[in-house]
Amino acid sequence: MTSPVIARKAKLRNHLVSAKAKLKHHVTPRRVVLLAAAGCSVFLVLLTLRTLHSAARAGDETTKAAAAASTPAAGAGAAHHAQQPQPQQQQRECAKLPASVTGALVHYATSNETPRQTEAEAGAAARVLAGRAPCNLLVFGLGPDAALWAALNHGGRTLFLEVDAGRIAAARAAHPASVDDLEAHLVAYHDHQHASATVSGDGLLALVRNSSDCAAASPPKPLSPDHLERSPCALAPRGLPPAFYEAEWDVIMVGAPVPGAIYTAGVAARARRPGTGETDVLVHGVDGAAEESFARAFLCEGYIKEEAGRLRHFAIPSHRDKEAMPFCP
C-alpha cells in the first residue's frame, strides 16, 4: 500500500506540472516585451516630473532671494517718497486756509487797532457763531473786529451796516481785501439824532418804549422796504440795501447799544420765517443802566440767553403770523 506521504508528494508534483504548463501558456515573449516597455514608460514619466519640480523649486528660491535683496532699497525709496510731499498735496494744504481767515490774521498782525471786547465777551460771541456758522450774519457797525466776525463765519454771508460813511472808507483803505468781501453798506435812520446816538439817559427810552409805532407787532409777511422806510418810529432805518431783505438772518450783532440798530435787530428777528428757529442777537458794549434798560425793553428780558461782561445774548423766536403773541414774553 502507498503511504500518505508518498501520496501527498505525488499530488504536489502534479500541481507543479500543471502550474508550469499554465505559465508557459500565458507568459509569451510578446507579453514580456510589452510589460517591459510599459515599465520603462512609467519610469521616464516619473523622472521627468521630478526634474520639472526640482527646477520650479530652484526658480522660486531664486525669485524670493532677489525680492528679499531688493526690499530694503524699495522700502527706503518708498519711505523717502512718502516723506517728500507732492506739489499738488502742498498746494491743497495751503489752499485749506480760508481767505477770510488769512485776511483777519494779516489785519490784526499789522494794525494798531484791537477789538474792544474782553476775552469772555469775544468768546461768548465766538461760541454762538461756531454753533450757527456758516450762516447769515448781520452786523451793525464796522469796527476793528469786522475781520474777526467774517473769519468766524467762513462759508456764510456777512453783511455790515454802518451809519458813518467815513468809517467805511477808512476800513476799505486800511484793509481793502477783507472788507471788500464783507459787503459793507451805509445806512441812515428816520430820526438820526435819536436813532444813531448811544443811549445816554431814560429820555429816549420813555419816548419810544410805549409807542405803538415802535413796539408794534411784526408784519404778517416778510420784511419789505415799505415796512421800515415808511415806519413812523423814530428808530426805523432808512436806505437799507436790498441785501438786508434777501436773507433770513441767523445771527445779528450790534457793535454798540445804538437805539436804531437794536430796534432794527428786534424787528428782523421777529419777522423771521416761522419754523426756521430762533435768531441770536448779540449786543456789545452794554455799560450803563440806560443801555441795559433799552436793550432789555426792545429785545426783551425774557429772551436773554447769556450775559458775559458787557455783552448780552438774546435768542428771539419768530413772531410772524402770530397776532396773539406779545411783543415780549
# chains A, B, ... in the order shown; residues from 1 in each chain; ligands from 1
call {"tool": "select_by_dssp", "arguments": {"residues": "region 123-323 of chain A", "states": "helix (DSSP H, G or I)", "output": "ChimeraX atom specification"}}
result
/A:123-132,146-152,165-174,176-180,192-195,202-208,225-229,242-246,259-270,289-299,301-303
call {"tool": "residues_around", "arguments": {"residues": "region 124-138 of chain A", "least_positions_apart": "3", "cutoff": "6 Å", "atoms": "only C-alpha atoms", "output": "MDAnalysis selection string"}}
result
chainID A and resid 121 153 155:159 249:252
call {"tool": "write_last_selection", "arguments": {"atoms": "N, CA and C atoms", "output": "compact mmCIF listing (two decimals), in the first residue's frame"}}
result
# COMPACT_ATOMS: atom_id res chain seq x y z
N GLU A 121 -16.16 138.19 26.50
CA GLU A 121 -17.18 138.68 25.58
C GLU A 121 -16.97 138.13 24.17
N ASN A 153 -17.29 133.37 10.47
CA ASN A 153 -18.44 132.95 9.67
C ASN A 153 -17.99 132.51 8.28
N GLY A 155 -17.58 130.79 4.95
CA GLY A 155 -18.52 129.98 4.18
C GLY A 155 -19.94 130.51 4.23
N GLY A 156 -20.22 131.46 5.13
CA GLY A 156 -21.54 132.06 5.23
C GLY A 156 -21.57 133.44 4.59
N ARG A 157 -22.65 134.16 4.85
CA ARG A 157 -22.79 135.51 4.31
C ARG A 157 -22.73 136.51 5.45
N THR A 158 -21.89 137.51 5.32
CA THR A 158 -21.72 138.53 6.34
C THR A 158 -22.02 139.90 5.74
N LEU A 159 -22.98 140.59 6.32
CA LEU A 159 -23.38 141.91 5.84
C LEU A 159 -23.17 142.93 6.95
N TRP A 249 -31.80 136.30 8.68
CA TRP A 249 -30.56 136.49 9.43
C TRP A 249 -30.54 135.58 10.64
N ASP A 250 -29.57 134.67 10.66
CA ASP A 250 -29.45 133.71 11.75
C ASP A 250 -28.85 134.35 13.00
N VAL A 251 -27.84 135.19 12.80
CA VAL A 251 -27.16 135.88 13.91
C VAL A 251 -27.09 137.37 13.56
N ILE A 252 -27.46 138.21 14.52
CA ILE A 252 -27.39 139.66 14.33
C ILE A 252 -26.52 140.23 15.45
call {"tool": "atom_distance", "arguments": {"atom1": "CA of Arg296 (chain A)", "atom2": "CA of Gly141 (chain A)"}}
result
19.9 Å
call {"tool": "select_by_dssp", "arguments": {"residues": "region 204-301 of chain A", "states": "strand (DSSP E or B)", "output": "PyMOL selection string"}}
result
chain A and resi 237-238+251-254+279-283
call {"tool": "closest_atom_pairs", "arguments": {"of": "region 238-268 of chain A", "to": "region 303-326 of chain A", "cutoff": "12 Å", "atoms": "only C-alpha atoms", "output": "CSV"}}
result
residue,atom,partner,partner_atom,distance
A:Glu248,CA,A:Ser318,CA,10.8
A:Trp249,CA,A:Ser318,CA,11.5
A:Asp250,CA,A:Ala315,CA,10.2
A:Val251,CA,A:Ala315,CA,9.3
A:Ile252,CA,A:Phe314,CA,9.7
A:Met253,CA,A:His313,CA,9.4
A:Val254,CA,A:Leu311,CA,9.8
A:Gly255,CA,A:Leu311,CA,9.7
A:Ala256,CA,A:Leu311,CA,9.6
A:Pro257,CA,A:Leu311,CA,9.9
A:Ile262,CA,A:Phe314,CA,11.2
A:Ala265,CA,A:Ile316,CA,9.9
A:Gly266,CA,A:Ile316,CA,7.9
A:Val267,CA,A:His319,CA,9.4
A:Ala268,CA,A:Ser318,CA,9.2
call {"tool": "write_last_selection", "arguments": {"atoms": "N, CA, C and O atoms", "output": "PDB file, in the first residue's frame"}}
result
ATOM      1  N   GLU A 248     -32.755 135.449   5.605  1.00  0.00           N
ATOM      2  CA  GLU A 248     -33.213 135.282   6.979  1.00  0.00           C
ATOM      3  C   GLU A 248     -31.940 135.311   7.826  1.00  0.00           C
ATOM      4  O   GLU A 248     -31.091 134.431   7.712  1.00  0.00           O
ATOM      5  N   TRP A 249     -31.803 136.300   8.678  1.00  0.00           N
ATOM      6  CA  TRP A 249     -30.559 136.485   9.430  1.00  0.00           C
ATOM      7  C   TRP A 249     -30.542 135.575  10.645  1.00  0.00           C
ATOM      8  O   TRP A 249     -31.386 135.681  11.534  1.00  0.00           O
ATOM      9  N   ASP A 250     -29.566 134.674  10.657  1.00  0.00           N
ATOM     10  CA  ASP A 250     -29.453 133.709  11.755  1.00  0.00           C
ATOM     11  C   ASP A 250     -28.849 134.346  13.000  1.00  0.00           C
ATOM     12  O   ASP A 250     -29.244 134.034  14.123  1.00  0.00           O
ATOM     13  N   VAL A 251     -27.845 135.194  12.803  1.00  0.00           N
ATOM     14  CA  VAL A 251     -27.157 135.884  13.907  1.00  0.00           C
ATOM     15  C   VAL A 251     -27.092 137.368  13.557  1.00  0.00           C
ATOM     16  O   VAL A 251     -26.719 137.725  12.433  1.00  0.00           O
ATOM     17  N   ILE A 252     -27.456 138.215  14.525  1.00  0.00           N
ATOM     18  CA  ILE A 252     -27.388 139.663  14.334  1.00  0.00           C
ATOM     19  C   ILE A 252     -26.525 140.229  15.446  1.00  0.00           C
ATOM     20  O   ILE A 252     -26.778 139.986  16.630  1.00  0.00           O
ATOM     21  N   MET A 253     -25.493 140.971  15.061  1.00  0.00           N
ATOM     22  CA  MET A 253     -24.591 141.599  16.029  1.00  0.00           C
ATOM     23  C   MET A 253     -24.788 143.104  16.008  1.00  0.00           C
ATOM     24  O   MET A 253     -24.851 143.709  14.931  1.00  0.00           O
ATOM     25  N   VAL A 254     -24.889 143.682  17.186  1.00  0.00           N
ATOM     26  CA  VAL A 254     -24.974 145.130  17.335  1.00  0.00           C
ATOM     27  C   VAL A 254     -23.686 145.566  18.008  1.00  0.00           C
ATOM     28  O   VAL A 254     -23.449 145.235  19.178  1.00  0.00           O
ATOM     29  N   GLY A 255     -22.831 146.270  17.260  1.00  0.00           N
ATOM     30  CA  GLY A 255     -21.499 146.608  17.767  1.00  0.00           C
ATOM     31  C   GLY A 255     -21.498 147.505  18.973  1.00  0.00           C
ATOM     32  O   GLY A 255     -20.564 147.497  19.762  1.00  0.00           O
ATOM     33  N   ALA A 256     -22.539 148.314  19.135  1.00  0.00           N
ATOM     34  CA  ALA A 256     -22.689 149.201  20.291  1.00  0.00           C
ATOM     35  C   ALA A 256     -24.189 149.366  20.522  1.00  0.00           C
ATOM     36  O   ALA A 256     -24.982 149.194  19.588  1.00  0.00           O
ATOM     37  N   PRO A 257     -24.585 149.664  21.749  1.00  0.00           N
ATOM     38  CA  PRO A 257     -26.019 149.767  22.036  1.00  0.00           C
ATOM     39  C   PRO A 257     -26.654 151.009  21.409  1.00  0.00           C
ATOM     40  O   PRO A 257     -27.162 151.899  22.088  1.00  0.00           O
ATOM     41  N   ILE A 262     -30.520 148.440  17.603  1.00  0.00           N
ATOM     42  CA  ILE A 262     -31.225 147.499  18.472  1.00  0.00           C
ATOM     43  C   ILE A 262     -32.656 147.303  17.985  1.00  0.00           C
ATOM     44  O   ILE A 262     -33.181 146.183  17.932  1.00  0.00           O
ATOM     45  N   ALA A 265     -32.665 145.242  14.748  1.00  0.00           N
ATOM     46  CA  ALA A 265     -32.354 143.835  15.036  1.00  0.00           C
ATOM     47  C   ALA A 265     -33.579 143.112  15.575  1.00  0.00           C
ATOM     48  O   ALA A 265     -33.863 141.976  15.199  1.00  0.00           O
ATOM     49  N   GLY A 266     -34.323 143.783  16.484  1.00  0.00           N
ATOM     50  CA  GLY A 266     -35.519 143.166  17.033  1.00  0.00           C
ATOM     51  C   GLY A 266     -36.586 142.941  15.974  1.00  0.00           C
ATOM     52  O   GLY A 266     -37.248 141.890  15.945  1.00  0.00           O
ATOM     53  N   VAL A 267     -36.766 143.916  15.075  1.00  0.00           N
ATOM     54  CA  VAL A 267     -37.763 143.775  14.016  1.00  0.00           C
ATOM     55  C   VAL A 267     -37.398 142.626  13.081  1.00  0.00           C
ATOM     56  O   VAL A 267     -38.238 141.798  12.712  1.00  0.00           O
ATOM     57  N   ALA A 268     -36.123 142.555  12.677  1.00  0.00           N
ATOM     58  CA  ALA A 268     -35.691 141.498  11.764  1.00  0.00           C
ATOM     59  C   ALA A 268     -35.833 140.117  12.398  1.00  0.00           C
ATOM     60  O   ALA A 268     -36.230 139.155  11.732  1.00  0.00           O
TER      61      ALA A 268
END
call {"tool": "atom_distance", "arguments": {"atom1": "CA of Ala184 (chain A)", "atom2": "CA of Phe140 (chain A)"}}
result
9.8 Å
call {"tool": "atom_distance", "arguments": {"atom1": "CA of Glu229 (chain A)", "atom2": "CA of Val187 (chain A)"}}
result
11.4 Å
